[in-house]
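For reference, structure_3.cif (mmCIF, C-alpha atoms; chains and numbers go by the auth columns):
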```
data_entry
loop_
_atom_site.group_PDB
_atom_site.id
_atom_site.type_symbol
_atom_site.label_atom_id
_atom_site.label_comp_id
_atom_site.label_asym_id
_atom_site.label_seq_id
_atom_site.Cartn_x
_atom_site.Cartn_y
_atom_site.Cartn_z
_atom_site.B_iso_or_equiv
_atom_site.auth_seq_id
_atom_site.auth_asym_id
ATOM 1 C CA MET A 1 -9.777 12.618 -14.657 0.00 1 A
ATOM 2 C CA LYS A 2 -7.343 15.098 -16.132 0.00 2 A
ATOM 3 C CA ASP A 3 -6.173 14.821 -19.714 0.00 3 A
ATOM 4 C CA LEU A 4 -2.869 13.036 -19.974 0.00 4 A
ATOM 5 C CA PRO A 5 -0.113 14.418 -22.172 0.00 5 A
ATOM 6 C CA PRO A 6 0.706 12.480 -25.339 0.00 6 A
ATOM 7 C CA LEU A 7 3.813 10.336 -24.995 0.00 7 A
ATOM 8 C CA ASN A 8 6.352 9.218 -27.523 0.00 8 A
ATOM 9 C CA LEU A 9 7.262 5.539 -27.604 0.00 9 A
ATOM 10 C CA GLU A 10 10.358 5.976 -25.424 0.00 10 A
ATOM 11 C CA GLU A 11 8.403 7.833 -22.711 0.00 11 A
ATOM 12 C CA PHE A 12 5.628 5.255 -22.897 0.00 12 A
ATOM 13 C CA ASN A 13 8.053 2.361 -22.402 0.00 13 A
ATOM 14 C CA LEU A 14 9.674 4.157 -19.467 0.00 14 A
ATOM 15 C CA LEU A 15 6.222 4.508 -17.884 0.00 15 A
ATOM 16 C CA ILE A 16 5.648 0.791 -18.397 0.00 16 A
ATOM 17 C CA LYS A 17 8.922 0.085 -16.564 0.00 17 A
ATOM 18 C CA HIS A 18 7.879 2.295 -13.626 0.00 18 A
ATOM 19 C CA HIS A 19 4.395 0.782 -13.627 0.00 19 A
ATOM 20 C CA LYS A 20 5.910 -2.709 -13.415 0.00 20 A
ATOM 21 C CA ASP A 21 8.028 -1.595 -10.447 0.00 21 A
ATOM 22 C CA THR A 22 4.881 -0.308 -8.724 0.00 22 A
ATOM 23 C CA CYS A 23 3.003 -3.550 -9.425 0.00 23 A
ATOM 24 C CA ASP A 24 5.904 -5.529 -7.958 0.00 24 A
ATOM 25 C CA VAL A 25 5.720 -3.503 -4.735 0.00 25 A
ATOM 26 C CA VAL A 26 1.920 -3.578 -4.377 0.00 26 A
ATOM 27 C CA SER A 27 1.446 -7.191 -5.447 0.00 27 A
ATOM 28 C CA SER A 28 -0.667 -7.942 -2.357 0.00 28 A
ATOM 29 C CA ARG A 29 -4.125 -6.455 -1.973 0.00 29 A
ATOM 30 C CA TRP A 30 -3.135 -5.552 1.603 0.00 30 A
ATOM 31 C CA THR A 31 -0.036 -3.497 0.785 0.00 31 A
ATOM 32 C CA LEU A 32 -1.805 -0.203 0.108 0.00 32 A
ATOM 33 C CA PRO A 33 -4.180 -0.374 3.115 0.00 33 A
ATOM 34 C CA ILE A 34 -1.208 -1.118 5.389 0.00 34 A
ATOM 35 C CA LEU A 35 0.776 1.800 3.958 0.00 35 A
ATOM 36 C CA TYR A 36 -2.254 4.073 4.302 0.00 36 A
ATOM 37 C CA ARG A 37 -2.693 3.068 7.956 0.00 37 A
ATOM 38 C CA LEU A 38 0.981 3.624 8.709 0.00 38 A
ATOM 39 C CA ASN A 39 0.794 7.030 7.037 0.00 39 A
ATOM 40 C CA ILE A 40 -1.643 8.042 9.797 0.00 40 A
ATOM 41 C CA GLY A 41 0.957 7.131 12.415 0.00 41 A
ATOM 42 C CA ASN A 42 3.099 4.337 13.800 0.00 42 A
ATOM 43 C CA VAL A 43 1.212 1.238 14.861 0.00 43 A
ATOM 44 C CA ARG A 44 2.124 -1.657 17.099 0.00 44 A
ATOM 45 C CA LYS A 45 2.418 -5.039 15.487 0.00 45 A
ATOM 46 C CA CYS A 46 -0.358 -6.457 17.660 0.00 46 A
ATOM 47 C CA ASP A 47 -2.758 -3.650 16.666 0.00 47 A
ATOM 48 C CA LEU A 48 -2.353 -3.627 12.878 0.00 48 A
ATOM 49 C CA ARG A 49 -4.682 -6.598 12.274 0.00 49 A
ATOM 50 C CA LYS A 50 -7.235 -5.172 14.696 0.00 50 A
ATOM 51 C CA GLU A 51 -7.407 -1.963 12.681 0.00 51 A
ATOM 52 C CA ILE A 52 -7.482 -3.476 9.185 0.00 52 A
ATOM 53 C CA LYS A 53 -10.575 -5.663 8.852 0.00 53 A
ATOM 54 C CA GLY A 54 -9.909 -9.013 7.181 0.00 54 A
ATOM 55 C CA LEU A 55 -6.115 -8.935 7.470 0.00 55 A
ATOM 56 C CA LYS A 56 -4.821 -12.305 8.680 0.00 56 A
ATOM 57 C CA GLU A 57 -1.688 -12.800 10.773 0.00 57 A
ATOM 58 C CA ARG A 58 0.349 -14.707 8.177 0.00 58 A
ATOM 59 C CA THR A 59 -0.589 -12.239 5.457 0.00 59 A
ATOM 60 C CA GLU A 60 0.327 -9.287 7.655 0.00 60 A
ATOM 61 C CA GLU A 61 3.712 -10.798 8.459 0.00 61 A
ATOM 62 C CA ARG A 62 4.487 -11.510 4.786 0.00 62 A
ATOM 63 C CA VAL A 63 3.353 -8.095 3.517 0.00 63 A
ATOM 64 C CA VAL A 64 5.124 -6.141 6.257 0.00 64 A
ATOM 65 C CA LYS A 65 8.293 -8.177 5.687 0.00 65 A
ATOM 66 C CA ASP A 66 8.141 -7.274 1.971 0.00 66 A
ATOM 67 C CA LEU A 67 7.539 -3.607 2.810 0.00 67 A
ATOM 68 C CA ILE A 68 10.582 -3.613 5.091 0.00 68 A
ATOM 69 C CA LEU A 69 12.726 -5.331 2.431 0.00 69 A
ATOM 70 C CA ASN A 70 11.558 -2.751 -0.137 0.00 70 A
ATOM 71 C CA ARG A 71 12.491 0.027 2.311 0.00 71 A
ATOM 72 C CA LEU A 72 8.971 1.450 2.480 0.00 72 A
ATOM 73 C CA VAL A 73 8.401 0.627 6.163 0.00 73 A
ATOM 74 C CA GLU A 74 10.679 0.281 9.160 0.00 74 A
ATOM 75 C CA ARG A 75 10.393 -1.978 12.194 0.00 75 A
ATOM 76 C CA ILE A 76 10.964 -0.230 15.509 0.00 76 A
ATOM 77 C CA ASP A 77 11.868 -2.168 18.653 0.00 77 A
ATOM 78 C CA VAL A 78 10.181 0.132 21.174 0.00 78 A
ATOM 79 C CA ASN A 79 11.709 -1.146 24.411 0.00 79 A
ATOM 80 C CA LYS A 80 14.855 -2.731 22.893 0.00 80 A
ATOM 81 C CA ASP A 81 13.983 -6.281 23.974 0.00 81 A
ATOM 82 C CA GLY A 82 11.836 -7.301 21.001 0.00 82 A
ATOM 83 C CA LYS A 83 8.617 -7.584 22.997 0.00 83 A
ATOM 84 C CA ILE A 84 6.992 -4.384 21.714 0.00 84 A
ATOM 85 C CA ILE A 85 7.332 -3.802 17.979 0.00 85 A
ATOM 86 C CA GLU A 86 5.986 -0.842 16.028 0.00 86 A
ATOM 87 C CA TYR A 87 5.929 -0.222 12.299 0.00 87 A
ATOM 88 C CA ALA A 88 6.488 3.184 10.742 0.00 88 A
ATOM 89 C CA ILE A 89 6.178 4.332 7.154 0.00 89 A
ATOM 90 C CA LEU A 90 9.308 5.713 5.507 0.00 90 A
ATOM 91 C CA PRO A 91 9.288 8.636 3.045 0.00 91 A
ATOM 92 C CA SER A 92 9.573 6.179 0.142 0.00 92 A
ATOM 93 C CA GLY A 93 6.393 4.458 1.365 0.00 93 A
ATOM 94 C CA LYS A 94 4.455 7.719 1.438 0.00 94 A
ATOM 95 C CA ALA A 95 4.715 7.857 -2.366 0.00 95 A
ATOM 96 C CA PHE A 96 2.249 4.939 -2.542 0.00 96 A
ATOM 97 C CA VAL A 97 -0.433 6.328 -0.204 0.00 97 A
ATOM 98 C CA ASN A 98 -2.286 8.268 -2.929 0.00 98 A
ATOM 99 C CA LEU A 99 -2.395 5.084 -4.984 0.00 99 A
ATOM 100 C CA PHE A 100 -4.715 3.655 -2.315 0.00 100 A
ATOM 101 C CA TYR A 101 -7.235 6.449 -2.941 0.00 101 A
ATOM 102 C CA CYS A 102 -6.935 6.176 -6.724 0.00 102 A
ATOM 103 C CA SER A 103 -7.389 2.401 -6.752 0.00 103 A
ATOM 104 C CA ALA A 104 -10.331 2.613 -4.329 0.00 104 A
ATOM 105 C CA GLU A 105 -12.015 5.244 -6.505 0.00 105 A
ATOM 106 C CA ALA A 106 -11.470 3.138 -9.634 0.00 106 A
ATOM 107 C CA GLY A 107 -12.916 0.127 -7.802 0.00 107 A
ATOM 108 C CA LYS A 108 -15.950 2.162 -6.772 0.00 108 A
ATOM 109 C CA VAL A 109 -16.585 3.215 -10.382 0.00 109 A
ATOM 110 C CA TYR A 110 -16.155 -0.369 -11.578 0.00 110 A
ATOM 111 C CA ARG A 111 -18.498 -1.750 -8.881 0.00 111 A
ATOM 112 C CA ASN A 112 -21.143 0.834 -9.797 0.00 112 A
ATOM 113 C CA LEU A 113 -20.913 -0.222 -13.449 0.00 113 A
ATOM 114 C CA LEU A 114 -21.410 -3.883 -12.567 0.00 114 A
ATOM 115 C CA HIS A 115 -23.971 -3.397 -9.790 0.00 115 A
ATOM 116 C CA PRO A 116 -25.555 0.073 -10.104 0.00 116 A
ATOM 117 C CA LYS A 117 -27.843 -0.329 -7.086 0.00 117 A
ATOM 118 C CA GLN A 118 -25.195 -1.669 -4.688 0.00 118 A
ATOM 119 C CA ASN A 119 -22.279 0.208 -3.097 0.00 119 A
#
```
What does the file become when written as structure tokens?
Amino acid sequence: MKDLPPLNLEEFNLLIKHHKDTCDVVSSRWTLPILYRLNIGNVRKCDLRKEIKGLKERTEERVVKDLILNRLVERIDVNKDGKIIEYAILPSGKAFVNLFYCSAEAGKVYRNLLHPKQN
């Protein structure tokens, strides 16, 4: 990990504010995996749960609804009759994709500390 620059109290409190905003957006454990998947490319509503192991229908609907409300993802009506829906990541959502890698790496380090012989 790179050395972080020292912060004065005002800068530190501003970072806390931004961190809180991030935590509000990624409050579900499924938010970052969904954003990561959408960063690869648009995905149909019916396929998202198939591609993300463990994601349940109600959870998917709630998380995607929140992502749409937060303007990180858009809903696309493919054939204009509401029968085929795709989700696409917006540029604002792409800002969170690297957070998925960082949190996964931190989790890996933590797991190795707790259970050195398991991955």
Apply the PyMOL selection byres ((chain A and resi 71) around 10) to the displayed file and report the matching residues as a PDB file with C-alpha atoms, in the frame of the given file.
```pdb
ATOM      1  CA  LYS A  65       8.293  -8.177   5.687  1.00  0.00           C
ATOM      2  CA  ASP A  66       8.141  -7.274   1.971  1.00  0.00           C
ATOM      3  CA  LEU A  67       7.539  -3.607   2.810  1.00  0.00           C
ATOM      4  CA  ILE A  68      10.582  -3.613   5.091  1.00  0.00           C
ATOM      5  CA  LEU A  69      12.726  -5.331   2.431  1.00  0.00           C
ATOM      6  CA  ASN A  70      11.558  -2.751  -0.137  1.00  0.00           C
ATOM      7  CA  LEU A  72       8.971   1.450   2.480  1.00  0.00           C
ATOM      8  CA  VAL A  73       8.401   0.627   6.163  1.00  0.00           C
ATOM      9  CA  GLU A  74      10.679   0.281   9.160  1.00  0.00           C
ATOM     10  CA  ILE A  89       6.178   4.332   7.154  1.00  0.00           C
ATOM     11  CA  LEU A  90       9.308   5.713   5.507  1.00  0.00           C
ATOM     12  CA  PRO A  91       9.288   8.636   3.045  1.00  0.00           C
ATOM     13  CA  SER A  92       9.573   6.179   0.142  1.00  0.00           C
ATOM     14  CA  GLY A  93       6.393   4.458   1.365  1.00  0.00           C
TER      15      GLY A  93
END
```
Inset, instruction - Would you kindly translate the PyMOL selection byres ((chain A and resi 102-106) around 12) into the concrete residues it picks from this file, as a PyMOL selection string? - result: chain A and resi 1+26+29+32-33+36+96-101+107-113+119
Inset, instruction - For CA of Thr31 in chain A and CA of Asp47 in chain A, determine how far apart the two atoms are, in Å to one decimal place. - result: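 That distance, rounded to one decimal, is 16.1 Å.
Take the candidates A:Val63, A:Val78, A:Ala88, A:Leu55 and check each one against Val25 in chain A using only C-alpha atoms; the shortest distance goes to A:Val63.
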Legend entry - Distance criterion (only C-alpha atoms): nearest to Gly82 in chain A out of A:Ser27, A:Lys45, A:Asn39, A:Leu7: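 Nearest to Gly82 in chain A: A:Lys45.
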Inset, instruction - Figure out the distance between CA of Ile76 in chain A and CA of Leu48 in chain A, please, to one decimal in Å. - result: 14.0 Å
Legend entry - Length of the CA of Ile16 in chain A to CA of Ser28 in chain A vector [Å]: 19.3 Å
Legend entry - Best match for closeness to Leu38 in chain A among A:His19, A:His115, A:Lys94, A:Arg58, counting only C-alpha atoms: A:Lys94
Inset, instruction - Please evaluate the PyMOL selection byres ((chain A and resi 84) around 12) against the structure above and give the resulting residues as number ranges by chain. - result: A: 43-47, 75-83, 85-87
Legend entry - Counting only C-alpha atoms, the option among A:Arg62, A:Lys117, A:Lys17, A:Lys2 closest to Trp30 in chain A: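 Looking at the shortest contact to Trp30 in chain A, the residue is A:Arg62.
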Place N, CA and C atoms on range 17-47 of chain A and deliver the coordinates as a compact mmCIF listing (two decimals), in the coordinates of the input.
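Okay, this is what ended up in part.txt:
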```txt
# COMPACT_ATOMS: atom_id res chain seq x y z
N LYS A 17 7.89 0.56 -17.50
CA LYS A 17 8.92 0.08 -16.56
C LYS A 17 8.58 0.51 -15.13
N HIS A 18 8.22 1.79 -14.96
CA HIS A 18 7.88 2.30 -13.63
C HIS A 18 6.59 1.65 -13.11
N HIS A 19 5.64 1.43 -14.01
CA HIS A 19 4.39 0.78 -13.63
C HIS A 19 4.68 -0.64 -13.14
N LYS A 20 5.54 -1.35 -13.82
CA LYS A 20 5.91 -2.71 -13.42
C LYS A 20 6.54 -2.69 -12.02
N ASP A 21 7.42 -1.72 -11.77
CA ASP A 21 8.03 -1.60 -10.45
C ASP A 21 6.95 -1.40 -9.37
N THR A 22 5.97 -0.55 -9.67
CA THR A 22 4.88 -0.31 -8.72
C THR A 22 4.08 -1.58 -8.48
N CYS A 23 3.76 -2.29 -9.56
CA CYS A 23 3.00 -3.55 -9.43
C CYS A 23 3.77 -4.57 -8.60
N ASP A 24 5.09 -4.61 -8.75
CA ASP A 24 5.90 -5.53 -7.96
C ASP A 24 5.80 -5.21 -6.47
N VAL A 25 5.78 -3.93 -6.14
CA VAL A 25 5.72 -3.50 -4.74
C VAL A 25 4.33 -3.75 -4.15
N VAL A 26 3.29 -3.47 -4.91
CA VAL A 26 1.92 -3.58 -4.38
C VAL A 26 1.23 -4.86 -4.86
N SER A 27 1.99 -5.93 -4.93
CA SER A 27 1.45 -7.19 -5.45
C SER A 27 0.38 -7.80 -4.53
N SER A 28 0.36 -7.45 -3.28
CA SER A 28 -0.67 -7.94 -2.36
C SER A 28 -1.79 -6.92 -2.25
N ARG A 29 -3.00 -7.39 -2.12
CA ARG A 29 -4.12 -6.46 -1.97
C ARG A 29 -4.08 -5.72 -0.64
N TRP A 30 -3.22 -6.17 0.28
CA TRP A 30 -3.14 -5.55 1.60
C TRP A 30 -2.04 -4.51 1.70
N THR A 31 -1.17 -4.42 0.72
CA THR A 31 -0.04 -3.50 0.78
C THR A 31 -0.49 -2.05 0.93
N LEU A 32 -1.38 -1.61 0.07
CA LEU A 32 -1.80 -0.20 0.11
C LEU A 32 -2.58 0.15 1.38
N PRO A 33 -3.53 -0.70 1.83
CA PRO A 33 -4.18 -0.37 3.12
C PRO A 33 -3.21 -0.30 4.29
N ILE A 34 -2.20 -1.17 4.31
CA ILE A 34 -1.21 -1.12 5.39
C ILE A 34 -0.40 0.17 5.31
N LEU A 35 0.03 0.54 4.11
CA LEU A 35 0.78 1.80 3.96
C LEU A 35 -0.09 3.00 4.34
N TYR A 36 -1.35 2.97 3.94
CA TYR A 36 -2.25 4.07 4.30
C TYR A 36 -2.36 4.19 5.82
N ARG A 37 -2.56 3.04 6.49
CA ARG A 37 -2.69 3.07 7.96
C ARG A 37 -1.43 3.59 8.61
N LEU A 38 -0.28 3.16 8.13
CA LEU A 38 0.98 3.62 8.71
C LEU A 38 1.23 5.10 8.42
N ASN A 39 0.65 5.60 7.34
CA ASN A 39 0.79 7.03 7.04
C ASN A 39 0.08 7.89 8.08
N ILE A 40 -0.93 7.33 8.73
CA ILE A 40 -1.64 8.04 9.80
C ILE A 40 -0.74 8.16 11.02
N GLY A 41 0.05 7.14 11.27
CA GLY A 41 0.96 7.13 12.42
C GLY A 41 1.48 5.73 12.67
N ASN A 42 2.52 5.65 13.46
CA ASN A 42 3.10 4.34 13.80
C ASN A 42 2.03 3.46 14.45
N VAL A 43 2.17 2.16 14.26
CA VAL A 43 1.21 1.24 14.86
C VAL A 43 1.97 0.02 15.38
N ARG A 44 1.52 -0.46 16.53
CA ARG A 44 2.12 -1.66 17.10
C ARG A 44 1.73 -2.87 16.28
N LYS A 45 2.65 -3.81 16.24
CA LYS A 45 2.42 -5.04 15.49
C LYS A 45 1.10 -5.71 15.89
N CYS A 46 0.84 -5.77 17.17
CA CYS A 46 -0.36 -6.46 17.66
C CYS A 46 -1.65 -5.72 17.31
N ASP A 47 -1.57 -4.44 16.95
CA ASP A 47 -2.76 -3.65 16.67
C ASP A 47 -3.09 -3.54 15.18
```
